[in-house]
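Just work_39.cif here, mmCIF, C-alpha atoms and all ligand atoms:
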data_work
#
loop_
_atom_site.label_atom_id
_atom_site.label_comp_id
_atom_site.auth_asym_id
_atom_site.auth_seq_id
_atom_site.Cartn_x
_atom_site.Cartn_y
_atom_site.Cartn_z
CA MET A 1 145.45 20.96 -40.54
CA ASP A 2 144.83 18.44 -43.31
CA LEU A 3 146.18 20.48 -46.23
CA LYS A 4 145.31 17.85 -48.82
CA LYS A 5 141.69 18.01 -47.71
CA VAL A 6 141.70 21.82 -47.82
CA LEU A 7 143.25 21.88 -51.30
CA THR A 8 140.79 19.42 -52.78
CA SER A 9 137.66 20.77 -51.08
CA GLU A 10 134.83 22.16 -53.20
CA ARG A 11 135.19 25.44 -51.33
CA THR A 12 138.82 25.85 -52.42
CA ILE A 13 138.11 24.86 -56.01
CA THR A 14 135.19 27.28 -56.45
CA GLY A 15 137.09 29.92 -54.46
CA LYS A 16 140.03 29.75 -56.84
CA LYS A 17 137.78 30.32 -59.83
CA ALA A 18 136.15 33.33 -58.17
CA LEU A 19 139.53 34.67 -57.11
CA LYS A 20 140.74 34.69 -60.72
CA THR A 21 137.97 37.13 -61.74
CA ALA A 22 138.24 39.14 -58.52
CA PHE A 23 142.01 39.47 -58.93
CA ALA A 24 141.70 40.64 -62.56
CA ASN A 25 139.08 43.27 -61.63
CA TYR A 26 140.97 44.34 -58.55
CA THR A 27 144.32 44.87 -60.28
CA LEU A 28 142.68 46.73 -63.16
CA ASN A 29 140.73 49.07 -60.87
CA ARG A 30 143.61 49.61 -58.49
CA GLY A 31 145.89 50.44 -61.42
CA LYS A 32 143.40 53.06 -62.63
CA ALA A 33 142.98 54.54 -59.15
CA LEU A 34 146.73 54.77 -58.64
CA GLN A 35 147.11 56.70 -61.88
CA LYS A 36 144.95 59.47 -60.43
CA ILE A 37 147.09 60.06 -57.35
CA ASP A 38 150.70 60.54 -56.36
CA GLU A 39 151.30 57.00 -55.11
CA LYS A 40 154.77 57.64 -53.71
CA THR A 41 153.63 60.63 -51.64
CA LEU A 42 150.54 58.81 -50.32
CA LYS A 43 152.65 55.83 -49.28
CA GLU A 44 155.19 58.08 -47.54
CA GLN A 45 152.40 59.92 -45.71
CA LEU A 46 150.84 56.67 -44.61
CA LYS A 47 154.07 55.24 -43.30
CA LYS A 48 154.85 58.39 -41.38
CA ILE A 49 151.37 58.46 -39.82
CA LYS A 50 151.53 54.85 -38.66
CA GLU A 51 155.12 55.07 -37.37
CA ASN A 52 154.39 58.27 -35.52
CA SER A 53 151.13 56.87 -34.10
CA LEU A 54 152.64 53.67 -32.77
CA SER A 55 155.63 55.41 -31.23
CA ASN A 56 153.29 57.79 -29.36
CA LEU A 57 150.47 55.33 -28.79
CA ASP A 58 150.04 55.82 -25.03
CA ASN A 59 149.81 59.60 -25.37
CA LEU A 60 147.49 59.46 -28.37
CA LYS A 61 145.25 56.92 -26.66
CA ARG A 62 144.97 59.11 -23.56
CA LYS A 63 144.17 62.13 -25.71
CA ALA A 64 141.61 60.23 -27.79
CA ILE A 65 139.85 58.94 -24.67
CA GLU A 66 139.74 62.42 -23.11
CA ASN A 67 138.32 64.02 -26.26
CA LEU A 68 135.79 61.31 -26.99
CA LYS A 69 134.55 61.29 -23.40
CA GLU A 70 134.18 65.05 -23.50
CA GLN A 71 132.06 64.55 -26.62
CA LYS A 72 129.80 62.12 -24.67
CA ILE A 73 131.14 58.89 -26.16
CA GLN A 74 131.70 56.35 -23.41
CA VAL A 75 135.11 54.76 -23.81
CA PHE A 76 136.35 51.51 -22.27
CA GLU A 77 139.78 49.94 -22.43
CA ALA A 78 140.13 46.15 -22.59
CA LYS A 79 143.49 44.53 -21.99
CA ASP A 80 142.48 41.29 -23.70
CA ALA A 81 139.69 39.50 -25.56
CA LYS A 82 138.09 38.22 -22.35
CA GLU A 83 137.83 41.70 -20.87
CA ALA A 84 136.54 43.15 -24.15
CA CYS A 85 133.74 40.54 -24.25
CA LYS A 86 132.88 41.17 -20.61
CA ILE A 87 132.50 44.91 -21.25
CA ALA A 88 130.46 44.31 -24.39
CA LEU A 89 128.14 41.83 -22.68
CA GLU A 90 127.49 44.31 -19.89
CA LEU A 91 126.43 46.84 -22.53
CA ILE A 92 124.22 44.36 -24.39
CA PRO A 93 121.10 43.31 -22.49
CA LYS A 94 119.98 39.72 -23.11
CA LYS A 95 117.45 39.19 -25.94
CA GLU A 96 118.14 42.53 -27.63
CA THR A 97 118.64 42.25 -31.40
CA LEU A 98 122.01 43.35 -32.67
CA VAL A 99 122.61 44.62 -36.17
CA LYS A 100 126.26 44.08 -36.94
CA THR A 101 128.70 45.15 -39.61
CA LYS A 102 131.97 43.56 -40.70
CA SER A 103 134.69 43.77 -38.06
CA ASN A 104 137.89 41.80 -37.63
CA THR A 105 138.23 42.92 -34.00
CA ILE A 106 134.82 41.46 -33.15
CA GLU A 107 135.98 38.18 -34.73
CA GLU A 108 139.28 38.41 -32.87
CA ILE A 109 137.66 38.69 -29.43
CA LYS A 110 135.16 35.93 -30.33
CA LEU A 111 132.20 37.97 -29.12
CA LEU A 112 129.77 36.20 -31.43
CA GLU A 113 130.38 32.90 -29.63
CA LYS A 114 129.36 34.58 -26.38
CA LEU A 115 126.23 36.05 -27.95
CA LYS A 116 125.04 32.71 -29.37
CA GLY A 117 121.66 31.80 -27.84
CA ARG A 118 121.68 35.07 -25.88
CA ASN A 119 121.01 37.65 -28.59
CA GLU A 120 119.97 37.61 -32.21
CA VAL A 121 122.83 38.95 -34.32
CA ILE A 122 122.04 40.09 -37.86
CA GLU A 123 125.01 40.46 -40.20
CA THR A 124 124.24 43.52 -42.34
CA ASP A 125 127.23 43.52 -44.67
CA CYS A 126 126.17 41.76 -47.86
CA GLY A 127 129.21 39.43 -47.85
CA ASP A 128 128.86 38.58 -44.16
CA PHE A 129 125.12 38.04 -44.57
CA LEU A 130 125.86 35.57 -47.37
CA LEU A 131 128.36 33.77 -45.14
CA GLN A 132 125.73 33.54 -42.41
CA LEU A 133 123.15 32.36 -44.94
CA CYS A 134 125.41 29.67 -46.40
CA ASP A 135 127.03 28.78 -43.06
CA GLU A 136 130.49 29.54 -44.46
CA GLU A 137 133.74 31.02 -43.15
CA PRO A 138 135.12 34.28 -44.63
CA SER A 139 137.76 33.95 -47.33
CA HIS A 140 138.93 37.57 -47.59
CA PRO A 141 138.85 40.57 -45.18
CA VAL A 142 137.21 42.93 -47.68
CA THR A 143 135.19 40.49 -49.81
CA PRO A 144 134.48 37.67 -47.35
CA ALA A 145 132.03 35.68 -49.51
CA LEU A 146 134.30 35.69 -52.55
CA HIS A 147 134.36 31.88 -52.74
CA ILE A 148 130.60 31.16 -52.58
CA PRO A 149 129.10 30.11 -55.92
CA ILE A 150 126.05 32.11 -57.01
CA GLU A 151 123.86 29.01 -57.33
CA LYS A 152 124.56 28.14 -53.69
CA ILE A 153 123.35 31.59 -52.61
CA THR A 154 120.03 31.38 -54.48
CA GLN A 155 119.53 27.81 -53.29
CA LYS A 156 120.03 28.84 -49.65
CA ILE A 157 117.64 31.81 -50.00
CA LYS A 158 115.05 29.37 -51.34
CA GLU A 159 115.64 26.87 -48.54
CA LYS A 160 115.69 29.36 -45.67
CA TYR A 161 113.29 32.06 -46.81
CA LYS A 162 111.17 30.24 -49.39
CA GLU A 163 111.88 32.91 -51.99
CA LYS A 164 113.04 32.42 -55.55
CA VAL A 165 115.78 34.80 -56.60
CA GLU A 166 117.44 34.81 -60.04
CA GLU A 167 121.09 33.79 -60.28
CA ASP A 168 122.09 37.35 -61.04
CA PRO A 169 124.29 39.44 -58.65
CA GLU A 170 122.03 42.49 -59.10
CA LYS A 171 118.88 40.54 -58.21
CA ILE A 172 120.55 38.90 -55.22
CA VAL A 173 121.86 42.21 -53.88
CA GLU A 174 118.41 43.76 -54.31
CA TRP A 175 116.80 40.92 -52.36
CA VAL A 176 119.47 41.00 -49.61
CA MET A 177 119.22 44.76 -49.18
CA LYS A 178 115.41 44.74 -48.88
CA PHE A 179 115.60 41.91 -46.39
CA LEU A 180 118.30 43.60 -44.32
CA ARG A 181 116.68 47.03 -44.38
CA LYS A 182 113.71 45.69 -42.40
CA LYS A 183 116.02 43.99 -39.91
CA ILE A 184 118.11 47.13 -39.41
CA LEU A 185 115.02 49.24 -38.80
CA ASN A 186 114.03 46.86 -36.00
CA GLY A 187 117.51 46.41 -34.48
CA ASN A 188 118.06 47.55 -30.89
CA ILE A 189 121.84 47.86 -30.92
CA GLY A 190 124.30 48.63 -33.71
CA LEU A 191 127.59 46.73 -33.42
CA THR A 192 130.54 47.79 -35.59
CA GLY A 193 134.29 48.01 -35.74
CA ALA A 194 136.19 51.15 -36.77
CA ASN A 195 138.91 51.82 -39.33
CA VAL A 196 140.55 54.77 -37.64
CA ILE A 197 140.29 56.75 -34.40
CA SER A 198 141.83 60.18 -34.39
CA SER A 199 143.13 61.43 -31.07
CA ASP A 200 141.35 64.74 -31.68
CA GLY A 201 138.09 62.88 -31.20
CA ALA A 202 136.76 61.28 -34.38
CA ILE A 203 135.89 57.67 -35.16
CA PHE A 204 136.08 56.71 -38.85
CA ILE A 205 134.12 53.79 -40.25
CA LEU A 206 134.39 53.17 -43.98
CA GLU A 207 131.92 51.37 -46.19
CA ASN A 208 130.52 51.07 -49.67
CA GLU A 209 127.11 49.50 -49.03
CA GLY A 210 125.44 52.03 -46.73
CA ASN A 211 124.67 49.47 -44.02
CA ILE A 212 127.14 51.02 -41.55
CA SER A 213 125.51 54.43 -41.97
CA LEU A 214 122.19 52.85 -40.99
CA VAL A 215 123.50 50.60 -38.22
CA SER A 216 125.39 53.47 -36.62
CA ARG A 217 122.41 55.81 -36.72
CA ILE A 218 119.11 53.96 -36.49
CA PRO A 219 119.34 51.87 -33.28
CA GLU A 220 119.42 53.84 -30.02
CA LYS A 221 122.74 52.34 -29.02
CA HIS A 222 125.93 51.98 -31.05
CA ILE A 223 128.80 49.86 -29.74
CA ILE A 224 132.13 50.16 -31.53
CA ILE A 225 134.87 47.63 -30.87
CA THR A 226 138.33 48.19 -32.29
CA GLY A 227 142.06 47.77 -31.65
CA ILE A 228 144.27 50.43 -30.10
CA ASP A 229 146.43 50.31 -33.23
CA LYS A 230 143.71 52.25 -35.07
CA ILE A 231 144.57 55.45 -33.22
CA VAL A 232 146.28 58.23 -35.20
CA PRO A 233 146.96 61.85 -34.24
CA THR A 234 144.52 63.90 -36.32
CA ILE A 235 141.36 63.83 -38.40
CA HIS A 236 143.55 64.67 -41.44
CA ASP A 237 145.64 61.56 -40.82
CA GLY A 238 142.40 59.60 -40.63
CA MET A 239 141.40 60.82 -44.09
CA VAL A 240 144.73 59.69 -45.55
CA ILE A 241 144.10 56.19 -44.20
CA CYS A 242 140.54 56.26 -45.60
CA GLN A 243 141.83 57.07 -49.07
CA ALA A 244 144.52 54.36 -48.96
CA SER A 245 142.02 51.81 -47.61
CA ALA A 246 139.76 52.43 -50.59
CA ILE A 247 142.52 52.28 -53.20
CA TRP A 248 144.32 49.20 -51.90
CA GLY A 249 141.16 47.60 -50.49
CA THR A 250 138.80 47.76 -53.44
CA GLY A 251 140.56 49.64 -56.22
CA ALA A 252 138.29 52.69 -55.81
CA THR A 253 139.74 56.17 -55.37
CA LEU A 254 137.54 56.75 -52.31
CA PRO A 255 135.12 54.64 -50.27
CA THR A 256 131.44 55.32 -51.02
CA TYR A 257 130.83 56.47 -47.45
CA ILE A 258 133.17 57.70 -44.74
CA ASN A 259 131.28 57.77 -41.46
CA VAL A 260 132.96 60.15 -39.04
CA ILE A 261 131.39 59.87 -35.60
CA SER A 262 132.37 62.33 -32.91
CA SER A 263 129.41 62.13 -30.50
CA PRO A 264 125.89 60.71 -30.12
CA SER A 265 123.34 62.57 -32.24
CA ARG A 266 122.37 65.89 -30.69
CA THR A 267 120.48 69.13 -31.11
CA ALA A 268 120.48 72.51 -29.39
CA ASP A 269 117.50 73.83 -31.29
CA ILE A 270 115.35 74.51 -28.26
CA GLN A 271 116.59 77.45 -26.21
CA LYS A 272 120.17 76.47 -27.05
CA LYS A 273 120.00 73.58 -24.60
CA LEU A 274 122.10 70.68 -25.85
CA VAL A 275 120.04 67.49 -25.97
CA TYR A 276 121.59 64.12 -26.90
CA GLY A 277 119.53 61.72 -28.97
CA ALA A 278 118.10 63.41 -32.06
CA GLN A 279 117.46 61.51 -35.30
CA GLY A 280 120.58 59.39 -34.88
CA THR A 281 121.98 57.18 -32.13
CA LYS A 282 121.47 58.28 -28.54
CA GLU A 283 124.33 56.37 -26.92
CA VAL A 284 127.75 55.63 -28.41
CA TYR A 285 130.24 53.28 -26.72
CA LEU A 286 133.80 52.58 -27.80
CA ILE A 287 135.75 49.55 -26.58
CA LEU A 288 139.47 49.91 -27.28
CA VAL A 289 141.10 46.50 -27.34
CA ASP A 290 144.79 45.86 -26.66
CA ASN A 291 144.86 42.04 -26.78
CA GLY A 292 148.57 41.59 -27.43
CA ARG A 293 149.15 44.75 -29.43
CA SER A 294 151.29 46.50 -26.80
CA GLU A 295 153.35 43.34 -26.46
CA MET A 296 153.84 43.22 -30.24
CA ILE A 297 155.24 46.75 -30.16
CA LYS A 298 157.44 45.90 -27.17
CA GLN A 299 158.86 42.83 -28.85
CA GLY A 300 159.68 44.58 -32.14
CA PHE A 301 156.63 43.52 -34.19
CA GLY A 302 154.93 46.94 -34.28
CA GLU A 303 155.27 47.03 -38.07
CA LEU A 304 152.52 44.42 -38.30
CA LEU A 305 150.21 46.96 -36.67
CA HIS A 306 150.82 49.42 -39.50
CA CYS A 307 148.34 47.27 -41.43
CA ILE A 308 145.17 49.03 -42.55
CA ASN A 309 143.55 45.68 -43.35
CA CYS A 310 143.05 46.40 -47.03
CA GLY A 311 143.66 42.76 -48.02
CA SER A 312 145.78 43.75 -51.04
CA CYS A 313 148.64 41.45 -50.03
CA LEU A 314 146.33 38.45 -50.02
CA TYR A 315 145.43 38.74 -53.70
CA PHE A 316 149.12 38.23 -54.53
CA CYS A 317 150.10 35.73 -51.82
CA PRO A 318 150.78 32.30 -53.38
CA THR A 319 149.72 30.51 -50.20
CA TYR A 320 146.48 32.45 -49.75
CA ARG A 321 145.62 31.82 -53.39
CA GLN A 322 145.70 28.11 -52.66
CA ILE A 323 144.01 27.81 -49.27
CA PHE A 324 142.34 31.17 -48.49
CA ASN A 325 141.47 31.73 -44.82
CA LYS A 326 143.14 28.47 -43.78
CA TYR A 327 146.32 30.56 -43.83
CA GLY A 328 145.85 32.52 -40.59
CA LEU A 329 143.16 32.60 -37.95
CA HIS A 330 141.05 35.69 -37.17
CA TYR A 331 143.27 37.70 -39.51
CA ILE A 332 144.20 36.04 -42.78
CA GLY A 333 147.69 35.71 -44.27
CA GLY A 334 151.19 36.28 -42.96
CA ARG A 335 150.24 39.33 -40.95
CA GLY A 336 147.43 37.27 -39.43
CA ILE A 337 149.95 34.71 -38.23
CA GLY A 338 151.78 37.44 -36.30
CA MET A 339 148.51 38.60 -34.71
CA THR A 340 147.67 34.99 -33.82
CA LEU A 341 151.02 34.42 -32.14
CA PHE A 342 150.58 37.38 -29.81
CA GLN A 343 146.87 36.82 -29.22
CA GLU A 344 146.50 33.06 -29.08
CA GLY A 345 150.03 31.79 -28.50
CA VAL A 346 152.81 30.31 -30.59
CA LYS A 347 151.21 26.86 -30.97
CA LYS A 348 148.08 28.35 -32.59
CA ALA A 349 150.30 30.40 -34.95
CA PHE A 350 152.28 27.26 -35.80
CA ASP A 351 149.12 25.24 -36.46
CA ASN A 352 147.55 27.94 -38.62
CA GLY A 353 150.38 28.51 -41.06
CA LEU A 354 153.51 29.95 -39.44
CA TYR A 355 155.52 27.95 -41.97
CA PHE A 356 153.23 28.51 -44.96
CA CYS A 357 154.90 31.76 -46.07
CA THR A 358 157.20 31.25 -49.08
CA THR A 359 159.00 34.55 -48.28
CA CYS A 360 158.43 35.56 -51.93
CA GLN A 361 158.02 39.27 -50.98
CA LEU A 362 154.89 39.77 -53.12
CA CYS A 363 152.91 40.89 -50.05
CA LYS A 364 155.46 43.58 -49.27
CA GLU A 365 155.51 44.78 -52.89
CA ASN A 366 151.72 45.13 -52.94
CA CYS A 367 151.24 46.59 -49.48
CA PRO A 368 150.62 50.36 -49.26
CA LEU A 369 152.79 50.39 -46.15
CA GLU A 370 155.37 47.96 -47.53
CA ILE A 371 155.11 45.89 -44.37
CA ASP A 372 157.93 43.36 -44.44
CA ILE A 373 155.87 40.30 -43.59
CA PRO A 374 158.52 37.79 -44.79
CA LYS A 375 161.16 39.32 -42.52
CA LEU A 376 158.78 39.38 -39.57
CA THR A 377 157.70 35.81 -40.32
CA ARG A 378 161.32 34.67 -40.01
CA LYS A 379 161.47 36.36 -36.60
CA LEU A 380 158.23 34.66 -35.57
CA ARG A 381 159.60 31.30 -36.70
CA LYS A 382 162.64 31.86 -34.52
CA MET A 383 160.29 32.34 -31.55
CA SER A 384 158.52 29.10 -32.39
CA ILE A 385 161.81 27.18 -32.67
CA GLU A 386 162.81 28.53 -29.26
CA LYS A 387 159.59 27.00 -27.93
CA GLY A 388 160.50 23.66 -29.53
CA LEU A 389 157.99 23.92 -32.38
CA GLU A 390 159.60 22.79 -35.63
CA THR A 391 158.23 21.41 -38.91
CA PRO A 392 159.08 17.77 -39.70
CA VAL A 393 160.85 18.95 -42.86
CA ASN A 394 163.09 21.29 -40.91
CA GLU A 395 163.81 18.63 -38.33
CA LYS A 396 164.80 16.23 -41.10
CA MET A 397 167.01 18.84 -42.73
CA MET A 398 168.79 19.57 -39.45
CA GLY A 399 169.30 15.86 -38.89
CA ASN A 400 170.77 15.54 -42.39
CA ILE A 401 173.18 18.42 -41.76
CA ARG A 402 174.31 16.78 -38.56
CA VAL A 403 174.86 13.38 -40.19
CA MET A 404 175.81 14.18 -43.81
CA GLY A 405 177.02 17.75 -43.52
CA ASN A 406 174.36 18.87 -46.02
CA PRO A 407 170.54 19.27 -45.92
CA PHE A 408 169.84 16.62 -48.59
CA GLY A 409 170.49 13.49 -46.59
CA GLU A 410 172.77 11.89 -49.13
CA GLU A 411 176.30 12.20 -50.25
CA LEU A 412 176.66 14.88 -52.93
CA LYS A 413 178.38 13.67 -56.05
CA GLU A 414 179.16 15.85 -59.01
CA GLY A 415 176.36 15.86 -61.60
CA LYS A 416 173.92 14.08 -59.26
CA ILE A 417 170.85 16.05 -58.23
CA PRO A 418 169.57 15.19 -54.77
CA LYS A 419 166.10 13.58 -54.69
CA GLU A 420 164.70 16.06 -52.18
CA LEU A 421 165.48 19.66 -51.47
CA PHE A 422 164.65 21.21 -48.13
CA CYS A 423 164.18 24.83 -47.41
CA CYS A 424 163.78 26.68 -44.14
S1 LIG B 1 149.68 43.90 -44.74
FE1 LIG B 1 149.58 45.67 -46.14
S2 LIG B 1 148.58 44.88 -47.99
FE2 LIG B 1 148.21 43.37 -46.36
S3 LIG B 1 146.24 43.94 -45.50
FE3 LIG B 1 147.80 45.00 -44.28
S4 LIG B 1 148.07 47.02 -45.23
FE4 LIG B 1 146.95 45.73 -46.71
#
Would you kindly transcribe this structure into structure tokens?
Ligand code: SF4
Amino acid sequence: MDLKKVLTSERTITGKKALKTAFANYTLNRGKALQKIDEKTLKEQLKKIKENSLSNLDNLKRKAIENLKEQKIQVFEAKDAKEACKIALELIPKKETLVKTKSNTIEEIKLLEKLKGRNEVIETDCGDFLLQLCDEEPSHPVTPALHIPIEKITQKIKEKYKEKVEEDPEKIVEWVMKFLRKKILNGNIGLTGANVISSDGAIFILENEGNISLVSRIPEKHIIITGIDKIVPTIHDGMVICQASAIWGTGATLPTYINVISSPSRTADIQKKLVYGAQGTKEVYLILVDNGRSEMIKQGFGELLHCINCGSCLYFCPTYRQIFNKYGLHYIGGRGIGMTLFQEGVKKAFDNGLYFCTTCQLCKENCPLEIDIPKLTRKLRKMSIEKGLETPVNEKMMGNIRVMGNPFGEELKEGKIPKELFCC
């Protein structure tokens, strides 16, 4: 990666300006939200739920599958990204229009690449739609279009749709929502991720915009793709995660909507006969993706799967604040590097920022689960060194130690500060 190019790009410069405002609003709102709750208790509850869930994952997964199937949701298990895409493509007939909502798991398995030229995919989350419109990459998991300047958005709307929209967030949102509403009403298949699956048979999908409510109800078919790490024991545990996701994700005390799906739409209004397919979706499919997660748990990196993907850590991360999504791959930041290593291999993790973490601990301090990303990053680096992947700086430092007995590469004299300092 050419870091100099990334740092001096227009995208980074405008992104940094936008981040300043976003960060100020976020910290203010989150502070207010945290005053209304017992933060310590919520954090303890969260930690307990995630630890308990991951240590019983096989049992909970089996239970969730049994319950969801009984409730007429068809569940598939995919061991990796390839298998997940294969299952999804079998469920998606060619040429059907998909209406999609934001999902990191769908990014992770690279399903959109497979759908290119095969199906029309409409992004229905405002941020993702703006990325699609401006042909941009996401810069944050919760607010992916954070870096796009407002004038670029109105310009693109004019170019692509020949419509003039004022450079005012309210006007743009109004235009986007009207445009998307028509698309959603005509969509054949709804494609979403999920925030939580409770083993007692509920799928939670959180949102603020209302697009997920529509996408998961209006088309006849709803396909949900998510990781096995989203499984927790009960619906009550799911609600705890929903509350934390809102507070640490957006600074709101609760998300605007919590979609809890436990079966396709149904009615028993005629002679008590249960009929599936009422006003809402007729068919619901869930693809549970492993893709390296079991291996992460096995190799002692399960803590990374405690993540609820709120993106709080990123606002504080000094590396993210400089280069945005160029730190990580499908998942951004230090936690994303861990996911990359287990999903795409150590070389990809190395190339996408394994050594970018400063180990400052700010992520851990601002994470609702206090995930120790710096500690886990050191462990990941050890794995990369074992595979012979080292940074030039580290190699130089090691060479200096061997030759000079110190990392500076020159003899240390009292009062003389070495020209270069190296750090692992
Ligand atoms: S690591 Fe923690 S702060 Fe960062 S996205 Fe995950 S849960 Fe949120």
Open item on the list: Restricting the calculation to all atoms listed in the file: of A:Lys50, A:Lys160, A:Lys387, A:Arg378, which residue gets closest to ligand LIG 1 (chain B)?
Closed with: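 Among the listed residues, the smallest separation from ligand LIG 1 (chain B) belongs to A:Lys50.
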Task: Counting only C-alpha atoms and all ligand atoms, the residue of A:Asn195, A:Gln299, A:Asn211, A:Asn352 that sits nearest ligand LIG 1 (chain B) - done: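 Closest to ligand LIG 1 (chain B), using only C-alpha atoms and all ligand atoms: A:Asn195.
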Task: Surroundings of ligand LIG 1 (chain B) up to 9 Å, based on all atoms listed in the file, as a ChimeraX atom specification - done: /A:141,244-245,248-249,304-315,332-336,363-373
Using only C-alpha atoms, what table do you get, as JSON lines, when you list each residue of region 260-351 of chain A with an atom no more than 12 Å from region 55-61 of chain A, its nearest pair of atoms, and their distance in Å rounded to one decimal, rows by chain then rising number?
{"residue": "A:Leu288", "atom": "CA", "partner": "A:Lys61", "partner_atom": "CA", "distance": 9.1}
{"residue": "A:Val289", "atom": "CA", "partner": "A:Lys61", "partner_atom": "CA", "distance": 11.2}
{"residue": "A:Asp290", "atom": "CA", "partner": "A:Lys61", "partner_atom": "CA", "distance": 11.1}
{"residue": "A:Arg293", "atom": "CA", "partner": "A:Leu57", "partner_atom": "CA", "distance": 10.7}
{"residue": "A:Ser294", "atom": "CA", "partner": "A:Leu57", "partner_atom": "CA", "distance": 9.1}
{"residue": "A:Ile297", "atom": "CA", "partner": "A:Ser55", "partner_atom": "CA", "distance": 8.7}
{"residue": "A:Lys298", "atom": "CA", "partner": "A:Ser55", "partner_atom": "CA", "distance": 10.5}
{"residue": "A:Gly300", "atom": "CA", "partner": "A:Ser55", "partner_atom": "CA", "distance": 11.6}
{"residue": "A:Gly302", "atom": "CA", "partner": "A:Ser55", "partner_atom": "CA", "distance": 9.0}
{"residue": "A:Glu303", "atom": "CA", "partner": "A:Ser55", "partner_atom": "CA", "distance": 10.8}
{"residue": "A:Leu305", "atom": "CA", "partner": "A:Ser55", "partner_atom": "CA", "distance": 11.4}
{"residue": "A:His306", "atom": "CA", "partner": "A:Ser55", "partner_atom": "CA", "distance": 11.3}
Task: Distance query Ile189 (chain A) at most 9 Å, all atoms listed in the file, self and fewer than 3 positions along chain excluded, as a list in words - done: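 The residues that qualify are Ile92, Glu96, Thr97, Leu98, Val99, Lys100, Val215, Ser216, Ile218, Pro219, Glu220, Lys221, His222 and Ile223 of chain A.
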Task: Glu136 (chain A) surroundings by only C-alpha atoms, 10 Å radius, close-in-sequence under 3 positions cut, as a list in words - done: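 Here the qualifying residues turn out to be Arg11, Asp128, Leu130, Leu131, Gln132, Leu133, Ser139, Pro144, Ala145, His147 and Ile148 of chain A.
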Selection: 12 Å around region 262-270 of chain A, all atoms listed in the file, excl. self and same-chain fewer than 4 positions, as a PDB file with C-alpha atoms, in the frame of the given file:
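Written out: out36.pdb:
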ATOM      1  CA  ALA A  64     141.610  60.230 -27.790  1.00  0.00           C
ATOM      2  CA  ILE A  65     139.850  58.940 -24.670  1.00  0.00           C
ATOM      3  CA  ASN A  67     138.320  64.020 -26.260  1.00  0.00           C
ATOM      4  CA  LEU A  68     135.790  61.310 -26.990  1.00  0.00           C
ATOM      5  CA  LYS A  69     134.550  61.290 -23.400  1.00  0.00           C
ATOM      6  CA  GLU A  70     134.180  65.050 -23.500  1.00  0.00           C
ATOM      7  CA  GLN A  71     132.060  64.550 -26.620  1.00  0.00           C
ATOM      8  CA  LYS A  72     129.800  62.120 -24.670  1.00  0.00           C
ATOM      9  CA  ILE A  73     131.140  58.890 -26.160  1.00  0.00           C
ATOM     10  CA  GLN A  74     131.700  56.350 -23.410  1.00  0.00           C
ATOM     11  CA  VAL A  75     135.110  54.760 -23.810  1.00  0.00           C
ATOM     12  CA  ILE A 197     140.290  56.750 -34.400  1.00  0.00           C
ATOM     13  CA  SER A 198     141.830  60.180 -34.390  1.00  0.00           C
ATOM     14  CA  SER A 199     143.130  61.430 -31.070  1.00  0.00           C
ATOM     15  CA  ASP A 200     141.350  64.740 -31.680  1.00  0.00           C
ATOM     16  CA  GLY A 201     138.090  62.880 -31.200  1.00  0.00           C
ATOM     17  CA  ALA A 202     136.760  61.280 -34.380  1.00  0.00           C
ATOM     18  CA  ILE A 203     135.890  57.670 -35.160  1.00  0.00           C
ATOM     19  CA  PHE A 204     136.080  56.710 -38.850  1.00  0.00           C
ATOM     20  CA  ILE A 205     134.120  53.790 -40.250  1.00  0.00           C
ATOM     21  CA  SER A 216     125.390  53.470 -36.620  1.00  0.00           C
ATOM     22  CA  ARG A 217     122.410  55.810 -36.720  1.00  0.00           C
ATOM     23  CA  ILE A 218     119.110  53.960 -36.490  1.00  0.00           C
ATOM     24  CA  PRO A 219     119.340  51.870 -33.280  1.00  0.00           C
ATOM     25  CA  GLU A 220     119.420  53.840 -30.020  1.00  0.00           C
ATOM     26  CA  LYS A 221     122.740  52.340 -29.020  1.00  0.00           C
ATOM     27  CA  HIS A 222     125.930  51.980 -31.050  1.00  0.00           C
ATOM     28  CA  ILE A 223     128.800  49.860 -29.740  1.00  0.00           C
ATOM     29  CA  ILE A 235     141.360  63.830 -38.400  1.00  0.00           C
ATOM     30  CA  LEU A 274     122.100  70.680 -25.850  1.00  0.00           C
ATOM     31  CA  VAL A 275     120.040  67.490 -25.970  1.00  0.00           C
ATOM     32  CA  TYR A 276     121.590  64.120 -26.900  1.00  0.00           C
ATOM     33  CA  GLY A 277     119.530  61.720 -28.970  1.00  0.00           C
ATOM     34  CA  ALA A 278     118.100  63.410 -32.060  1.00  0.00           C
ATOM     35  CA  GLN A 279     117.460  61.510 -35.300  1.00  0.00           C
ATOM     36  CA  GLY A 280     120.580  59.390 -34.880  1.00  0.00           C
ATOM     37  CA  THR A 281     121.980  57.180 -32.130  1.00  0.00           C
ATOM     38  CA  LYS A 282     121.470  58.280 -28.540  1.00  0.00           C
ATOM     39  CA  GLU A 283     124.330  56.370 -26.920  1.00  0.00           C
ATOM     40  CA  VAL A 284     127.750  55.630 -28.410  1.00  0.00           C
ATOM     41  CA  TYR A 285     130.240  53.280 -26.720  1.00  0.00           C
ATOM     42  CA  LEU A 286     133.800  52.580 -27.800  1.00  0.00           C
TER      43      LEU A 286
END
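Distance annotation: of A:Met177, A:Val232, A:Gly388, A:Cys357, the residue with the minimal separation from Arg62 (chain A) is A:Val232; atom set is all atoms listed in the file.
CA of Lys114 (chain A) lies 8.2 Å from CA of Leu89 (chain A).
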TODO: Counting all atoms listed in the file, figure out which residue out of A:Leu146, A:Leu341, A:Ile184, A:Leu46 gets nearest to Arg321 (chain A).
DONE: A:Leu146
